[in-house]
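Here the structure is laid out as structure tokens; the discussion comes afterwards.
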There are 4 protein chains.
Amino acid sequence: MTMHYNRLAGRNLDRLAALSDGVFAVAMTLLVLDIHVPAHELIQDEAGLWQALVGLAPRLLTYLMSFVTLGIFWLGQQAQLDRFARADRDLVWIHIGFLALVSVMPLSTALLGAFVTYRIALLAYWLNIALLGLVLYGSWRYASRAALLQADATPELSAAMVRRIAVAQGLYAIGAALCIFGTAWSIGFIALVQLNYALSPRWRRK
Amino acid sequence: MTMHYNRLAGRNLDRLAALSDGVFAVAMTLLVLDIHVPAHELIQDEAGLWQALVGLAPRLLTYLMSFVTLGIFWLGQQAQLDRFARADRDLVWIHIGFLALVSVMPLSTALLGAFVTYRIALLAYWLNIALLGLVLYGSWRYASRAALLQADATPELSAAMVRRIAVAQGLYAIGAALCIFGTAWSIGFIALVQLNYALSPRWRRK
Amino acid sequence: MTMHYNRLAGRNLDRLAALSDGVFAVAMTLLVLDIHVPAHELIQDEAGLWQALVGLAPRLLTYLMSFVTLGIFWLGQQAQLDRFARADRDLVWIHIGFLALVSVMPLSTALLGAFVTYRIALLAYWLNIALLGLVLYGSWRYASRAALLQADATPELSAAMVRRIAVAQGLYAIGAALCIFGTAWSIGFIALVQLNYALSPRWRRK
Amino acid sequence: MTMHYNRLAGRNLDRLAALSDGVFAVAMTLLVLDIHVPAHELIQDEAGLWQALVGLAPRLLTYLMSFVTLGIFWLGQQAQLDRFARADRDLVWIHIGFLALVSVMPLSTALLGAFVTYRIALLAYWLNIALLGLVLYGSWRYASRAALLQADATPELSAAMVRRIAVAQGLYAIGAALCIFGTAWSIGFIALVQLNYALSPRWRRK
């Protein structure tokens, strides 16, 4: 009886978490590389530097938006990993796909930062977020079916996980659709959704 | 009774520490990317290369200053994480905000390195440090109120934490204010403050 | 009797895993740095941006291919580390060599992305993969001989490990040889091989 | 009695190891960023690409040399951390200084890669290595005096640690001095020393 390599690989949840933390940390920090210090030759005095910095504001905004997005998905992935009893190769590959989408985030962000009034840039950015949500949904669904969840993961918990992803992605899709009226509407709406996810627990939990 | 997603996420202090170590490691290493090797075409001989390297000195100084700054805040955050019994979502979001400020540090440093005589560059750099301190203060205060500290965290310890942040930030603010006389005064003062924090234990502890 | 430094170093498997996760995470995320957002001056309208994005497609393809490659080798290395009882200095150096090849992957990928129709670019890319496989094979062989494997590592498991590497490398070599007919054949074949490794467990395991 | 902040910070050896692994991983991977894919406009055919790749050889050599250097110092630091019973703030600051020197390595390497025939570039590179050794020596000496070593760390072990650093640094200094005859002599000698450290256990241990 030959032994299958697939039985040997991908069991280690700790290393998946470590790889994920690494990819998130690098992607979060690379986001800022797209913001360039003004060229020295173009700046004559303090007022000129101030204006140049004000001109960087839209890029700082998209930077923060993407940092918060990555924070949301980092928490989302962590919430799942904390509930897995073990992994198998398929689950690991789902999460490698997830990390590939995380790595692309600095590119989507740079695209939106450079073409902030272009619908295609906004839709590419949204597509990145939507795929992140989709893969995270697929991860939970696969883990449920393949019996990789911890014993105490109840159907209620499972429903809460799925509902969370569905609601968030619904809101992002509305945000993307708002680009019919202009990309500023989309960006404003998506920024509000993210602020809600970052801050809401403060008032909703009571 | 529906289950709340917020109860599921953000409990894992180990992964927050891992993400933080990753962000700090990348930010610390990216700081150096702003220092460019002299262009080969401009260098004729050893003397020319020597002069070009001497010209890099101010950037090396701001690099070292920022590395020490990140070291100080890494220790500061670690001192807090070591005292937390557990995290909740709000605390994790406070620390994601903290990490966003850490990620911006290479940008602030590059700005100061390129415009070392500009007050606005210096104030932007100081603002970055001040916000790091503020968020770290907020983290401790929130964790105290939300009863997330370990059982052995006494009021004395809490007071020491807060005092430390307040004194350091007070010194940084004095340093920033010195830019009235010129940015060199500010940079010199802030560099001394940081050297003090890195080296002082050696003589003060006895 | 003097003590040998070599006895002191390199025993810690956990730190080797941590360094490896870090190098993989950075290399995976750096892959995307080679894809540049279109220059703002060249884009007039939505249609122009769309065309520019379509022009990025080959680079996105090589990006994904390399991400999957790194995923495959990350799993391969993890499968080995999980079976080692301990490390010695030689084994650690074999893995540092492995990580050097991982770090070069963004460069090979950028080369192939820029010169997608050049056989030399394709062969350089394949050489990178082949060396990764060779070092991983060497790692397993060395660990077997030096009795560094866990007690439950049977000859069957050992054979499965080696077979896996040999089959995969055989397929990659066929892919590289296909460049006689054109690099598109090679890239298509290698992409299929990698999809097979990422997805195959789904149908083969049943 | 007021509590001292210095008693609270820097105790956690695990997080120091994690930060170190992160900095090493990023520095190792950034080394390759200095090697640029040839510009597409300059390449006409396969022969042209081949020549351009051959022209990258000196940079690949300095890349590998620096990767091995970082590997040597990573092992050296790990050997120490594995022997520490605990850390205090001073020790952590010594290691933050060590990491600052690790972060500068990609810059020193890029400098040497760009000015491979310049003595100043070589001496800057050597200075980086010498400071790494010096700080590592200081770390061990401080930890011995401050009683931070594990109970089983004998004087023999301590002597082996110090001897190792002294011999290696002596060899590096000879290598640097050889630049009187030309930098090629230095680079060749240092490369041999490093190969010796990476490979020697294989024959010396028997």
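Note on naming: chains are A, B, ... as they come in the structure tokens, residues start from 1 per chain, ligands start from 1 in the order shown.
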
Give as a ChimeraX atom specification every residue of chain A that touches chain C within 10 Å, counting only C-alpha atoms. /A:1-12,15-27,30,33-34,88-90,92-94,96-97,99-115,117-121,124

Mind fitting chain D onto chain A over all Cα atoms in sequence order and sending the result as a PDB file with C-alpha atoms, in the first residue's frame?
ATOM      1  CA  MET D   1      -0.116   0.020  -0.043  1.00  0.00           C
ATOM      2  CA  THR D   2       1.494   3.254  -1.111  1.00  0.00           C
ATOM      3  CA  MET D   3       1.262   6.273   1.086  1.00  0.00           C
ATOM      4  CA  HIS D   4      -0.295   9.444  -0.213  1.00  0.00           C
ATOM      5  CA  TYR D   5       1.699  12.636  -0.020  1.00  0.00           C
ATOM      6  CA  ASN D   6      -1.555  14.511   0.391  1.00  0.00           C
ATOM      7  CA  ARG D   7      -2.002  12.930   3.760  1.00  0.00           C
ATOM      8  CA  LEU D   8       1.313  14.383   4.916  1.00  0.00           C
ATOM      9  CA  ALA D   9       0.991  17.996   3.925  1.00  0.00           C
ATOM     10  CA  GLY D  10      -0.968  20.922   5.215  1.00  0.00           C
ATOM     11  CA  ARG D  11      -1.972  19.713   8.632  1.00  0.00           C
ATOM     12  CA  ASN D  12      -0.207  22.409  10.527  1.00  0.00           C
ATOM     13  CA  LEU D  13      -2.609  25.232  11.434  1.00  0.00           C
ATOM     14  CA  ASP D  14       0.079  27.166  13.311  1.00  0.00           C
ATOM     15  CA  ARG D  15       2.239  27.558  10.265  1.00  0.00           C
ATOM     16  CA  LEU D  16      -0.739  28.599   8.152  1.00  0.00           C
ATOM     17  CA  ALA D  17      -1.465  31.297  10.742  1.00  0.00           C
ATOM     18  CA  ALA D  18       2.188  32.364  10.730  1.00  0.00           C
ATOM     19  CA  LEU D  19       2.316  32.595   6.933  1.00  0.00           C
ATOM     20  CA  SER D  20      -0.951  34.547   6.968  1.00  0.00           C
ATOM     21  CA  ASP D  21       0.282  36.994   9.608  1.00  0.00           C
ATOM     22  CA  GLY D  22       3.413  37.502   7.537  1.00  0.00           C
ATOM     23  CA  VAL D  23       1.541  38.145   4.292  1.00  0.00           C
ATOM     24  CA  PHE D  24      -0.874  40.522   6.015  1.00  0.00           C
ATOM     25  CA  ALA D  25       1.969  42.362   7.746  1.00  0.00           C
ATOM     26  CA  VAL D  26       3.900  42.820   4.499  1.00  0.00           C
ATOM     27  CA  ALA D  27       0.819  43.809   2.484  1.00  0.00           C
ATOM     28  CA  MET D  28      -0.255  46.313   5.149  1.00  0.00           C
ATOM     29  CA  THR D  29       3.180  47.890   5.209  1.00  0.00           C
ATOM     30  CA  LEU D  30       3.658  47.844   1.432  1.00  0.00           C
ATOM     31  CA  LEU D  31       0.436  49.829   1.002  1.00  0.00           C
ATOM     32  CA  VAL D  32       2.355  52.894   2.110  1.00  0.00           C
ATOM     33  CA  LEU D  33       5.136  52.419  -0.455  1.00  0.00           C
ATOM     34  CA  ASP D  34       2.775  53.774  -3.076  1.00  0.00           C
ATOM     35  CA  ILE D  35       2.743  57.163  -1.359  1.00  0.00           C
ATOM     36  CA  HIS D  36       5.823  59.033  -2.481  1.00  0.00           C
ATOM     37  CA  VAL D  37       7.524  61.894  -0.740  1.00  0.00           C
ATOM     38  CA  PRO D  38       7.253  65.016  -2.969  1.00  0.00           C
ATOM     39  CA  ALA D  39      10.239  65.548  -5.260  1.00  0.00           C
ATOM     40  CA  HIS D  40      12.721  67.932  -3.688  1.00  0.00           C
ATOM     41  CA  GLU D  41      13.162  69.961  -6.861  1.00  0.00           C
ATOM     42  CA  LEU D  42       9.487  70.952  -6.973  1.00  0.00           C
ATOM     43  CA  ILE D  43       9.349  72.353  -3.453  1.00  0.00           C
ATOM     44  CA  GLN D  44      10.537  75.921  -2.842  1.00  0.00           C
ATOM     45  CA  ASP D  45       9.330  76.679   0.662  1.00  0.00           C
ATOM     46  CA  GLU D  46       7.151  75.580   3.589  1.00  0.00           C
ATOM     47  CA  ALA D  47       3.975  76.641   1.778  1.00  0.00           C
ATOM     48  CA  GLY D  48       4.945  74.550  -1.235  1.00  0.00           C
ATOM     49  CA  LEU D  49       5.596  71.490   0.932  1.00  0.00           C
ATOM     50  CA  TRP D  50       2.281  71.997   2.713  1.00  0.00           C
ATOM     51  CA  GLN D  51       0.434  72.072  -0.605  1.00  0.00           C
ATOM     52  CA  ALA D  52       2.278  68.985  -1.806  1.00  0.00           C
ATOM     53  CA  LEU D  53       1.296  67.153   1.389  1.00  0.00           C
ATOM     54  CA  VAL D  54      -2.322  68.227   0.996  1.00  0.00           C
ATOM     55  CA  GLY D  55      -2.144  66.824  -2.533  1.00  0.00           C
ATOM     56  CA  LEU D  56      -1.253  63.439  -0.990  1.00  0.00           C
ATOM     57  CA  ALA D  57      -4.522  63.379   0.967  1.00  0.00           C
ATOM     58  CA  PRO D  58      -6.509  61.166  -1.447  1.00  0.00           C
ATOM     59  CA  ARG D  59      -3.728  58.600  -1.395  1.00  0.00           C
ATOM     60  CA  LEU D  60      -3.627  58.695   2.396  1.00  0.00           C
ATOM     61  CA  LEU D  61      -7.369  58.134   2.410  1.00  0.00           C
ATOM     62  CA  THR D  62      -7.202  55.102   0.102  1.00  0.00           C
ATOM     63  CA  TYR D  63      -4.246  53.863   2.174  1.00  0.00           C
ATOM     64  CA  LEU D  64      -6.259  54.016   5.388  1.00  0.00           C
ATOM     65  CA  MET D  65      -9.290  52.459   3.715  1.00  0.00           C
ATOM     66  CA  SER D  66      -7.189  49.537   2.524  1.00  0.00           C
ATOM     67  CA  PHE D  67      -5.468  49.148   5.872  1.00  0.00           C
ATOM     68  CA  VAL D  68      -8.880  48.884   7.536  1.00  0.00           C
ATOM     69  CA  THR D  69     -10.019  46.449   4.826  1.00  0.00           C
ATOM     70  CA  LEU D  70      -7.028  44.230   5.475  1.00  0.00           C
ATOM     71  CA  GLY D  71      -7.686  44.517   9.200  1.00  0.00           C
ATOM     72  CA  ILE D  72     -11.279  43.373   8.686  1.00  0.00           C
ATOM     73  CA  PHE D  73     -10.221  40.371   6.613  1.00  0.00           C
ATOM     74  CA  TRP D  74      -7.370  39.523   8.972  1.00  0.00           C
ATOM     75  CA  LEU D  75      -9.897  39.367  11.806  1.00  0.00           C
ATOM     76  CA  GLY D  76     -12.278  37.390   9.622  1.00  0.00           C
ATOM     77  CA  GLN D  77      -9.648  34.815   8.752  1.00  0.00           C
ATOM     78  CA  GLN D  78      -8.459  34.620  12.343  1.00  0.00           C
ATOM     79  CA  ALA D  79     -12.018  34.018  13.552  1.00  0.00           C
ATOM     80  CA  GLN D  80     -12.139  31.007  11.229  1.00  0.00           C
ATOM     81  CA  LEU D  81      -8.683  29.617  12.001  1.00  0.00           C
ATOM     82  CA  ASP D  82      -9.494  29.797  15.709  1.00  0.00           C
ATOM     83  CA  ARG D  83     -12.457  27.492  15.086  1.00  0.00           C
ATOM     84  CA  PHE D  84     -10.723  24.915  12.945  1.00  0.00           C
ATOM     85  CA  ALA D  85      -9.737  21.729  14.702  1.00  0.00           C
ATOM     86  CA  ARG D  86      -7.257  20.891  11.946  1.00  0.00           C
ATOM     87  CA  ALA D  87      -6.562  21.613   8.296  1.00  0.00           C
ATOM     88  CA  ASP D  88      -6.215  19.467   5.236  1.00  0.00           C
ATOM     89  CA  ARG D  89      -4.557  20.249   1.930  1.00  0.00           C
ATOM     90  CA  ASP D  90      -7.677  21.641   0.278  1.00  0.00           C
ATOM     91  CA  LEU D  91      -8.310  24.030   3.120  1.00  0.00           C
ATOM     92  CA  VAL D  92      -4.707  25.189   3.026  1.00  0.00           C
ATOM     93  CA  TRP D  93      -4.988  25.828  -0.710  1.00  0.00           C
ATOM     94  CA  ILE D  94      -8.158  27.837  -0.183  1.00  0.00           C
ATOM     95  CA  HIS D  95      -6.214  29.997   2.263  1.00  0.00           C
ATOM     96  CA  ILE D  96      -3.221  30.307  -0.069  1.00  0.00           C
ATOM     97  CA  GLY D  97      -5.695  31.657  -2.621  1.00  0.00           C
ATOM     98  CA  PHE D  98      -6.994  34.015   0.044  1.00  0.00           C
ATOM     99  CA  LEU D  99      -3.443  35.222   0.696  1.00  0.00           C
ATOM    100  CA  ALA D 100      -2.852  35.764  -3.020  1.00  0.00           C
ATOM    101  CA  LEU D 101      -5.821  38.166  -2.947  1.00  0.00           C
ATOM    102  CA  VAL D 102      -4.393  39.856   0.151  1.00  0.00           C
ATOM    103  CA  SER D 103      -1.075  40.342  -1.665  1.00  0.00           C
ATOM    104  CA  VAL D 104      -2.848  41.981  -4.599  1.00  0.00           C
ATOM    105  CA  MET D 105      -4.504  44.551  -2.324  1.00  0.00           C
ATOM    106  CA  PRO D 106      -1.563  47.029  -2.454  1.00  0.00           C
ATOM    107  CA  LEU D 107      -1.868  46.949  -6.256  1.00  0.00           C
ATOM    108  CA  SER D 108      -5.643  47.537  -6.240  1.00  0.00           C
ATOM    109  CA  THR D 109      -5.132  50.334  -3.736  1.00  0.00           C
ATOM    110  CA  ALA D 110      -2.429  51.972  -5.831  1.00  0.00           C
ATOM    111  CA  LEU D 111      -4.692  51.722  -8.863  1.00  0.00           C
ATOM    112  CA  LEU D 112      -7.578  53.386  -7.052  1.00  0.00           C
ATOM    113  CA  GLY D 113      -5.259  56.010  -5.541  1.00  0.00           C
ATOM    114  CA  ALA D 114      -3.931  56.924  -8.989  1.00  0.00           C
ATOM    115  CA  PHE D 115      -7.304  56.847 -10.807  1.00  0.00           C
ATOM    116  CA  VAL D 116      -9.679  57.864  -8.059  1.00  0.00           C
ATOM    117  CA  THR D 117     -12.333  59.168 -10.465  1.00  0.00           C
ATOM    118  CA  TYR D 118     -12.306  56.121 -12.782  1.00  0.00           C
ATOM    119  CA  ARG D 119     -15.089  53.565 -12.411  1.00  0.00           C
ATOM    120  CA  ILE D 120     -12.901  50.741 -13.679  1.00  0.00           C
ATOM    121  CA  ALA D 121     -10.354  51.392 -10.935  1.00  0.00           C
ATOM    122  CA  LEU D 122     -13.123  51.359  -8.356  1.00  0.00           C
ATOM    123  CA  LEU D 123     -14.645  48.168  -9.706  1.00  0.00           C
ATOM    124  CA  ALA D 124     -11.228  46.473  -9.725  1.00  0.00           C
ATOM    125  CA  TYR D 125     -10.826  47.502  -6.093  1.00  0.00           C
ATOM    126  CA  TRP D 126     -14.267  46.197  -5.237  1.00  0.00           C
ATOM    127  CA  LEU D 127     -13.600  42.955  -7.133  1.00  0.00           C
ATOM    128  CA  ASN D 128     -10.590  42.376  -4.903  1.00  0.00           C
ATOM    129  CA  ILE D 129     -12.728  42.814  -1.780  1.00  0.00           C
ATOM    130  CA  ALA D 130     -15.553  40.684  -3.198  1.00  0.00           C
ATOM    131  CA  LEU D 131     -13.172  37.826  -4.014  1.00  0.00           C
ATOM    132  CA  LEU D 132     -11.681  38.009  -0.516  1.00  0.00           C
ATOM    133  CA  GLY D 133     -15.168  37.616   0.909  1.00  0.00           C
ATOM    134  CA  LEU D 134     -16.041  34.820  -1.490  1.00  0.00           C
ATOM    135  CA  VAL D 135     -12.939  32.799  -0.646  1.00  0.00           C
ATOM    136  CA  LEU D 136     -13.502  33.291   3.064  1.00  0.00           C
ATOM    137  CA  TYR D 137     -17.052  32.058   2.620  1.00  0.00           C
ATOM    138  CA  GLY D 138     -15.766  29.069   0.646  1.00  0.00           C
ATOM    139  CA  SER D 139     -13.270  28.312   3.399  1.00  0.00           C
ATOM    140  CA  TRP D 140     -15.935  28.134   6.096  1.00  0.00           C
ATOM    141  CA  ARG D 141     -18.292  26.096   3.924  1.00  0.00           C
ATOM    142  CA  TYR D 142     -15.578  23.640   2.995  1.00  0.00           C
ATOM    143  CA  ALA D 143     -14.388  23.278   6.580  1.00  0.00           C
ATOM    144  CA  SER D 144     -17.960  22.621   7.750  1.00  0.00           C
ATOM    145  CA  ARG D 145     -18.536  19.892   5.176  1.00  0.00           C
ATOM    146  CA  ALA D 146     -15.139  18.282   5.613  1.00  0.00           C
ATOM    147  CA  ALA D 147     -15.679  18.131   9.374  1.00  0.00           C
ATOM    148  CA  LEU D 148     -12.620  20.227  10.138  1.00  0.00           C
ATOM    149  CA  LEU D 149     -14.366  22.443  12.698  1.00  0.00           C
ATOM    150  CA  GLN D 150     -13.859  22.126  16.420  1.00  0.00           C
ATOM    151  CA  ALA D 151     -16.416  20.102  18.286  1.00  0.00           C
ATOM    152  CA  ASP D 152     -17.954  23.165  19.952  1.00  0.00           C
ATOM    153  CA  ALA D 153     -18.696  24.929  16.658  1.00  0.00           C
ATOM    154  CA  THR D 154     -22.475  24.996  16.733  1.00  0.00           C
ATOM    155  CA  PRO D 155     -24.818  25.611  13.794  1.00  0.00           C
ATOM    156  CA  GLU D 156     -25.565  29.028  15.365  1.00  0.00           C
ATOM    157  CA  LEU D 157     -21.909  29.950  15.145  1.00  0.00           C
ATOM    158  CA  SER D 158     -21.780  28.743  11.596  1.00  0.00           C
ATOM    159  CA  ALA D 159     -24.812  30.812  10.693  1.00  0.00           C
ATOM    160  CA  ALA D 160     -23.282  33.888  12.360  1.00  0.00           C
ATOM    161  CA  MET D 161     -20.092  33.467  10.327  1.00  0.00           C
ATOM    162  CA  VAL D 162     -21.939  33.163   7.039  1.00  0.00           C
ATOM    163  CA  ARG D 163     -24.367  35.981   7.845  1.00  0.00           C
ATOM    164  CA  ARG D 164     -21.500  38.274   8.687  1.00  0.00           C
ATOM    165  CA  ILE D 165     -19.798  37.692   5.350  1.00  0.00           C
ATOM    166  CA  ALA D 166     -23.068  37.994   3.394  1.00  0.00           C
ATOM    167  CA  VAL D 167     -24.097  41.278   5.026  1.00  0.00           C
ATOM    168  CA  ALA D 168     -20.656  42.839   4.600  1.00  0.00           C
ATOM    169  CA  GLN D 169     -20.413  41.776   0.963  1.00  0.00           C
ATOM    170  CA  GLY D 170     -23.934  43.028   0.294  1.00  0.00           C
ATOM    171  CA  LEU D 171     -22.933  46.451   1.628  1.00  0.00           C
ATOM    172  CA  TYR D 172     -19.730  46.476  -0.427  1.00  0.00           C
ATOM    173  CA  ALA D 173     -21.734  45.589  -3.543  1.00  0.00           C
ATOM    174  CA  ILE D 174     -24.128  48.480  -2.897  1.00  0.00           C
ATOM    175  CA  GLY D 175     -21.089  50.715  -2.505  1.00  0.00           C
ATOM    176  CA  ALA D 176     -19.682  49.514  -5.820  1.00  0.00           C
ATOM    177  CA  ALA D 177     -23.048  50.002  -7.543  1.00  0.00           C
ATOM    178  CA  LEU D 178     -23.116  53.612  -6.339  1.00  0.00           C
ATOM    179  CA  CYS D 179     -20.358  54.379  -8.833  1.00  0.00           C
ATOM    180  CA  ILE D 180     -23.165  54.932 -11.323  1.00  0.00           C
ATOM    181  CA  PHE D 181     -23.465  58.340  -9.637  1.00  0.00           C
ATOM    182  CA  GLY D 182     -19.718  58.805  -9.369  1.00  0.00           C
ATOM    183  CA  THR D 183     -16.790  57.051  -7.683  1.00  0.00           C
ATOM    184  CA  ALA D 184     -16.838  59.538  -4.799  1.00  0.00           C
ATOM    185  CA  TRP D 185     -20.199  58.084  -3.724  1.00  0.00           C
ATOM    186  CA  SER D 186     -18.767  54.580  -3.772  1.00  0.00           C
ATOM    187  CA  ILE D 187     -15.645  55.467  -1.852  1.00  0.00           C
ATOM    188  CA  GLY D 188     -17.599  57.422   0.729  1.00  0.00           C
ATOM    189  CA  PHE D 189     -20.078  54.590   1.226  1.00  0.00           C
ATOM    190  CA  ILE D 190     -17.418  51.877   1.448  1.00  0.00           C
ATOM    191  CA  ALA D 191     -15.415  54.003   3.894  1.00  0.00           C
ATOM    192  CA  LEU D 192     -18.515  54.338   6.084  1.00  0.00           C
ATOM    193  CA  VAL D 193     -19.145  50.587   5.967  1.00  0.00           C
ATOM    194  CA  GLN D 194     -15.590  49.939   7.076  1.00  0.00           C
ATOM    195  CA  LEU D 195     -15.685  52.507   9.836  1.00  0.00           C
ATOM    196  CA  ASN D 196     -18.844  50.797  10.990  1.00  0.00           C
ATOM    197  CA  TYR D 197     -17.089  47.443  11.175  1.00  0.00           C
ATOM    198  CA  ALA D 198     -14.088  48.894  12.956  1.00  0.00           C
ATOM    199  CA  LEU D 199     -16.027  51.012  15.441  1.00  0.00           C
ATOM    200  CA  SER D 200     -19.535  49.599  15.680  1.00  0.00           C
ATOM    201  CA  PRO D 201     -18.931  47.082  18.445  1.00  0.00           C
ATOM    202  CA  ARG D 202     -18.524  50.052  20.732  1.00  0.00           C
ATOM    203  CA  TRP D 203     -22.198  51.015  20.572  1.00  0.00           C
ATOM    204  CA  ARG D 204     -23.933  47.934  19.289  1.00  0.00           C
ATOM    205  CA  ARG D 205     -22.776  45.527  21.927  1.00  0.00           C
ATOM    206  CA  LYS D 206     -24.490  47.285  24.779  1.00  0.00           C
TER     207      LYS D 206
END

Considering only alpha helix (DSSP H) as DSSP defines it on the backbone, what residues of region 30-166 of chain A qualify? List them as a PyMOL selection string. chain A and resi 30+46-55+57-81+89-114+119-145+155-166
